[in-house]
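*Asks:* Here's a structure for you.
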Amino acid sequence: MNVRVLVADDQALVRAGFCGIIDVAPGFTVVGEAGTGAAAVDLARRERPDVVLMDIRMPDMDGLEATRLITGTGGVPGVRVLILTMFDLDEHIYAALRNGAAGFLLKDTAPEDLLAAIRVVAAGEALLAPSVTRRLIAEFAARPAAPDPTSPPAALRAITTREREVLVLIAAGRTNAEIARTLHITEGTTKTHVGHLLTKLGARDRVQLVITAYQAGLGPA
């Protein structure tokens, strides 16, 4: 699978660095560079990359709004956004997840980890910086929300026992392959369960499944 990537960052040298890492790696192609959020949205609509590597702080339109426009209603179907940040507890990360980001990485991530993260996100899985995954999602999920008749506890009554087991493992940050090994099922069966969870819980992606699990008290302690 050739992964098509759009790199959005307001610093030309940073963009050049990321593009250099990505474009020379087998199985990856850089399809565009953007220095502003607005340019990232325009390029995403035109080039339809698999993944947008998105900086948060950019002129004209920041990465948060650009992410919402790309992944939200009326956005660009099939395009996933991986946020880059300098800070492992940046308040903006919460907004990024709400706006549809598939995850985030720190800018000091090693090149091989960056490539692995892009491939994971392109495959439809969530990717959060390992050092803060549990802390970030737990704090996000603990924030009070308005009462909703379709809240996670009610929605969870529609899932099967096996789907609940898969959801717990998703909340622990496990990949499909790891879930399959843990539950002694095939990876294809795991993908089917994940698909059922997305549909039954009305989740856009695995990040929202993680949030749902934490809100329902199913996340790791």
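Every chain in the structure tokens takes a letter, A first, then B, and so on in the order presented; its residues are numbered from 1, and the ligands are numbered from 1 following the presented order.
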Mind dumping a table of every region 62-127 of chain A residue within 12 Å of region 169-188 of chain A, with the nearest atom pair and its distance in Å to one decimal, using only C-alpha atoms, sorted by chain and rising number, as CSV?

*Replies:*
```
residue,atom,partner,partner_atom,distance
A:Gly103,CA,A:Gly173,CA,11.5
A:Ala117,CA,A:Thr175,CA,11.8
A:Val120,CA,A:Thr175,CA,8.8
A:Val121,CA,A:Thr175,CA,10.9
A:Ala123,CA,A:Asn176,CA,10.3
A:Gly124,CA,A:Asn176,CA,10.2
A:Glu125,CA,A:Thr175,CA,7.3
A:Ala126,CA,A:Gly173,CA,8.2
A:Leu127,CA,A:Gly173,CA,8.2
```

*Asks:* Enumerate, as a PDB file with N, CA and C atoms, in the first residue's frame, the complete set of residues in region 57-122 of chain A that a backbone-based DSSP assignment places in helix (DSSP H, G or I).

*Replies:*
```pdb
ATOM      1  N   GLY A  63      -4.482  24.638  12.753  1.00  0.00           N
ATOM      2  CA  GLY A  63      -4.659  23.232  12.412  1.00  0.00           C
ATOM      3  C   GLY A  63      -5.918  22.616  12.978  1.00  0.00           C
ATOM      4  N   LEU A  64      -6.442  23.184  14.060  1.00  0.00           N
ATOM      5  CA  LEU A  64      -7.665  22.658  14.659  1.00  0.00           C
ATOM      6  C   LEU A  64      -8.861  22.878  13.742  1.00  0.00           C
ATOM      7  N   GLU A  65      -9.009  24.107  13.249  1.00  0.00           N
ATOM      8  CA  GLU A  65     -10.115  24.405  12.349  1.00  0.00           C
ATOM      9  C   GLU A  65      -9.933  23.669  11.024  1.00  0.00           C
ATOM     10  N   ALA A  66      -8.691  23.597  10.554  1.00  0.00           N
ATOM     11  CA  ALA A  66      -8.430  22.874   9.306  1.00  0.00           C
ATOM     12  C   ALA A  66      -8.809  21.400   9.451  1.00  0.00           C
ATOM     13  N   THR A  67      -8.508  20.819  10.609  1.00  0.00           N
ATOM     14  CA  THR A  67      -8.867  19.423  10.861  1.00  0.00           C
ATOM     15  C   THR A  67     -10.382  19.239  10.818  1.00  0.00           C
ATOM     16  N   ARG A  68     -11.105  20.162  11.450  1.00  0.00           N
ATOM     17  CA  ARG A  68     -12.574  20.073  11.457  1.00  0.00           C
ATOM     18  C   ARG A  68     -13.138  20.132  10.045  1.00  0.00           C
ATOM     19  N   LEU A  69     -12.594  21.035   9.220  1.00  0.00           N
ATOM     20  CA  LEU A  69     -13.092  21.191   7.859  1.00  0.00           C
ATOM     21  C   LEU A  69     -12.763  19.977   6.984  1.00  0.00           C
ATOM     22  N   ILE A  70     -11.646  19.324   7.283  1.00  0.00           N
ATOM     23  CA  ILE A  70     -11.243  18.155   6.487  1.00  0.00           C
ATOM     24  C   ILE A  70     -12.013  16.901   6.900  1.00  0.00           C
ATOM     25  N   THR A  71     -12.192  16.705   8.203  1.00  0.00           N
ATOM     26  CA  THR A  71     -12.768  15.440   8.686  1.00  0.00           C
ATOM     27  C   THR A  71     -14.247  15.524   9.043  1.00  0.00           C
ATOM     28  N   HIS A  92      -4.775  22.201  23.338  1.00  0.00           N
ATOM     29  CA  HIS A  92      -5.388  22.120  22.020  1.00  0.00           C
ATOM     30  C   HIS A  92      -5.648  20.684  21.565  1.00  0.00           C
ATOM     31  N   ILE A  93      -4.971  19.728  22.186  1.00  0.00           N
ATOM     32  CA  ILE A  93      -5.165  18.342  21.776  1.00  0.00           C
ATOM     33  C   ILE A  93      -6.608  17.907  21.997  1.00  0.00           C
ATOM     34  N   TYR A  94      -7.238  18.382  23.068  1.00  0.00           N
ATOM     35  CA  TYR A  94      -8.627  18.012  23.315  1.00  0.00           C
ATOM     36  C   TYR A  94      -9.513  18.466  22.163  1.00  0.00           C
ATOM     37  N   ALA A  95      -9.293  19.704  21.727  1.00  0.00           N
ATOM     38  CA  ALA A  95     -10.076  20.223  20.602  1.00  0.00           C
ATOM     39  C   ALA A  95      -9.766  19.452  19.331  1.00  0.00           C
ATOM     40  N   ALA A  96      -8.508  19.059  19.163  1.00  0.00           N
ATOM     41  CA  ALA A  96      -8.132  18.304  17.964  1.00  0.00           C
ATOM     42  C   ALA A  96      -8.893  16.986  17.888  1.00  0.00           C
ATOM     43  N   LEU A  97      -9.025  16.292  19.019  1.00  0.00           N
ATOM     44  CA  LEU A  97      -9.760  15.030  19.038  1.00  0.00           C
ATOM     45  C   LEU A  97     -11.234  15.265  18.752  1.00  0.00           C
ATOM     46  N   ARG A  98     -11.788  16.313  19.336  1.00  0.00           N
ATOM     47  CA  ARG A  98     -13.197  16.626  19.064  1.00  0.00           C
ATOM     48  C   ARG A  98     -13.413  16.973  17.597  1.00  0.00           C
ATOM     49  N   PRO A 111      12.251   9.460  13.275  1.00  0.00           N
ATOM     50  CA  PRO A 111      11.752   9.271  11.905  1.00  0.00           C
ATOM     51  C   PRO A 111      11.049   7.942  11.681  1.00  0.00           C
ATOM     52  N   GLU A 112      11.606   6.854  12.200  1.00  0.00           N
ATOM     53  CA  GLU A 112      10.978   5.549  11.977  1.00  0.00           C
ATOM     54  C   GLU A 112       9.621   5.463  12.682  1.00  0.00           C
ATOM     55  N   ASP A 113       9.499   6.140  13.835  1.00  0.00           N
ATOM     56  CA  ASP A 113       8.220   6.143  14.545  1.00  0.00           C
ATOM     57  C   ASP A 113       7.199   7.013  13.829  1.00  0.00           C
ATOM     58  N   LEU A 114       7.664   8.086  13.209  1.00  0.00           N
ATOM     59  CA  LEU A 114       6.775   8.946  12.428  1.00  0.00           C
ATOM     60  C   LEU A 114       6.165   8.166  11.266  1.00  0.00           C
ATOM     61  N   LEU A 115       7.003   7.431  10.543  1.00  0.00           N
ATOM     62  CA  LEU A 115       6.521   6.640   9.408  1.00  0.00           C
ATOM     63  C   LEU A 115       5.553   5.554   9.866  1.00  0.00           C
ATOM     64  N   ALA A 116       5.883   4.910  10.980  1.00  0.00           N
ATOM     65  CA  ALA A 116       4.997   3.870  11.506  1.00  0.00           C
ATOM     66  C   ALA A 116       3.652   4.475  11.906  1.00  0.00           C
ATOM     67  N   ALA A 117       3.678   5.669  12.496  1.00  0.00           N
ATOM     68  CA  ALA A 117       2.446   6.328  12.923  1.00  0.00           C
ATOM     69  C   ALA A 117       1.575   6.695  11.731  1.00  0.00           C
ATOM     70  N   ILE A 118       2.185   7.202  10.681  1.00  0.00           N
ATOM     71  CA  ILE A 118       1.423   7.566   9.481  1.00  0.00           C
ATOM     72  C   ILE A 118       0.755   6.331   8.897  1.00  0.00           C
ATOM     73  N   ARG A 119       1.484   5.221   8.870  1.00  0.00           N
ATOM     74  CA  ARG A 119       0.906   4.001   8.318  1.00  0.00           C
ATOM     75  C   ARG A 119      -0.242   3.482   9.186  1.00  0.00           C
ATOM     76  N   VAL A 120      -0.099   3.567  10.498  1.00  0.00           N
ATOM     77  CA  VAL A 120      -1.163   3.132  11.410  1.00  0.00           C
ATOM     78  C   VAL A 120      -2.423   3.959  11.189  1.00  0.00           C
ATOM     79  N   VAL A 121      -2.267   5.276  11.103  1.00  0.00           N
ATOM     80  CA  VAL A 121      -3.412   6.163  10.907  1.00  0.00           C
ATOM     81  C   VAL A 121      -4.041   5.924   9.532  1.00  0.00           C
ATOM     82  N   ALA A 122      -3.219   5.722   8.522  1.00  0.00           N
ATOM     83  CA  ALA A 122      -3.737   5.456   7.174  1.00  0.00           C
ATOM     84  C   ALA A 122      -4.557   4.176   7.144  1.00  0.00           C
TER      85      ALA A 122
END
```

*Asks:* Figure out the distance between CA of Ile22 (chain A) and CA of Asn2 (chain A), please, to one decimal in Å.

*Replies:*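 Rounded to one decimal, the two atoms are 11.4 Å apart.
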
*Asks:* Which parts of region 36-112 of chain A does DSSP call strand (DSSP E) when run on the backbone here, written out as number ranges by chain?

*Replies:* A: 51-55, 80-85, 103-106

*Asks:* Could you tell me how far CA of Thr199 (chain A) sits from CA of Leu53 (chain A), in Å to one decimal place?

*Replies:* 26.5 Å

*Asks:* Just the residues within 12 Å of Ala155 (chain A), please, counting only C-alpha atoms, with nothing from its chain fewer than 5 positions along; format it as a compact mmCIF listing (two decimals) with N, CA and C atoms, in the first residue's frame.

*Replies:*
```
# COMPACT_ATOMS: atom_id res chain seq x y z
N ASP A 148 -27.40 13.27 27.59
CA ASP A 148 -27.74 12.93 26.22
C ASP A 148 -28.39 11.55 26.23
N PRO A 149 -29.59 11.41 25.63
CA PRO A 149 -30.26 10.11 25.64
C PRO A 149 -29.49 9.03 24.91
N THR A 150 -28.53 9.41 24.08
CA THR A 150 -27.72 8.42 23.38
C THR A 150 -26.33 8.32 23.99
N THR A 160 -22.26 -6.69 21.91
CA THR A 160 -22.13 -8.05 22.42
C THR A 160 -20.98 -8.13 23.43
N ARG A 164 -17.57 -5.88 23.54
CA ARG A 164 -17.13 -5.16 24.74
C ARG A 164 -15.67 -5.48 25.04
N LEU A 197 -18.62 -1.95 16.30
CA LEU A 197 -18.56 -0.97 17.39
C LEU A 197 -18.72 0.45 16.87
N LEU A 198 -18.05 0.75 15.77
CA LEU A 198 -18.16 2.09 15.19
C LEU A 198 -19.62 2.40 14.83
N THR A 199 -20.29 1.42 14.25
CA THR A 199 -21.68 1.62 13.84
C THR A 199 -22.61 1.73 15.05
N LYS A 200 -22.51 0.79 15.98
CA LYS A 200 -23.43 0.76 17.12
C LYS A 200 -23.25 1.94 18.06
N LEU A 201 -22.00 2.41 18.21
CA LEU A 201 -21.74 3.51 19.14
C LEU A 201 -21.72 4.87 18.45
N GLY A 202 -21.96 4.87 17.14
CA GLY A 202 -22.00 6.13 16.41
C GLY A 202 -20.68 6.87 16.44
N ALA A 203 -19.59 6.11 16.44
CA ALA A 203 -18.25 6.71 16.52
C ALA A 203 -17.67 6.91 15.14
N LEU A 209 -13.95 5.78 19.85
CA LEU A 209 -14.22 4.55 20.59
C LEU A 209 -13.47 4.55 21.93
N THR A 212 -15.32 6.88 24.24
CA THR A 212 -16.54 6.23 24.69
C THR A 212 -16.26 5.21 25.78
N ALA A 213 -15.20 4.44 25.59
CA ALA A 213 -14.84 3.42 26.59
C ALA A 213 -14.50 4.06 27.92
N GLN A 215 -15.49 7.02 29.02
CA GLN A 215 -16.70 7.61 29.58
C GLN A 215 -17.57 6.55 30.25
N ALA A 216 -17.52 5.34 29.74
CA ALA A 216 -18.32 4.24 30.28
C ALA A 216 -17.58 3.49 31.38
```

*Asks:* What is the CA of Thr36 (chain A)-CA of Leu13 (chain A) distance in Å, reported with one decimal?

*Replies:*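 Spanning CA of Thr36 (chain A) to CA of Leu13 (chain A) is a straight-line distance of 14.2 Å.
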
*Asks:* Write out as a PyMOL selection string the residues lying within 7 Å of Asp10 (chain A), counting only C-alpha atoms and excluding same-chain residues fewer than 2 positions away.

*Replies:* chain A and resi 8+12+35-36+58

*Asks:* Compare A:Val76, A:Ala154, A:Met61, A:Met86 by their minimum atom-to-atom distance to Glu47 (chain A), counting only C-alpha atoms, and give me the closest one.

*Replies:*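 The answer is A:Val76, which sits nearest to Glu47 (chain A).
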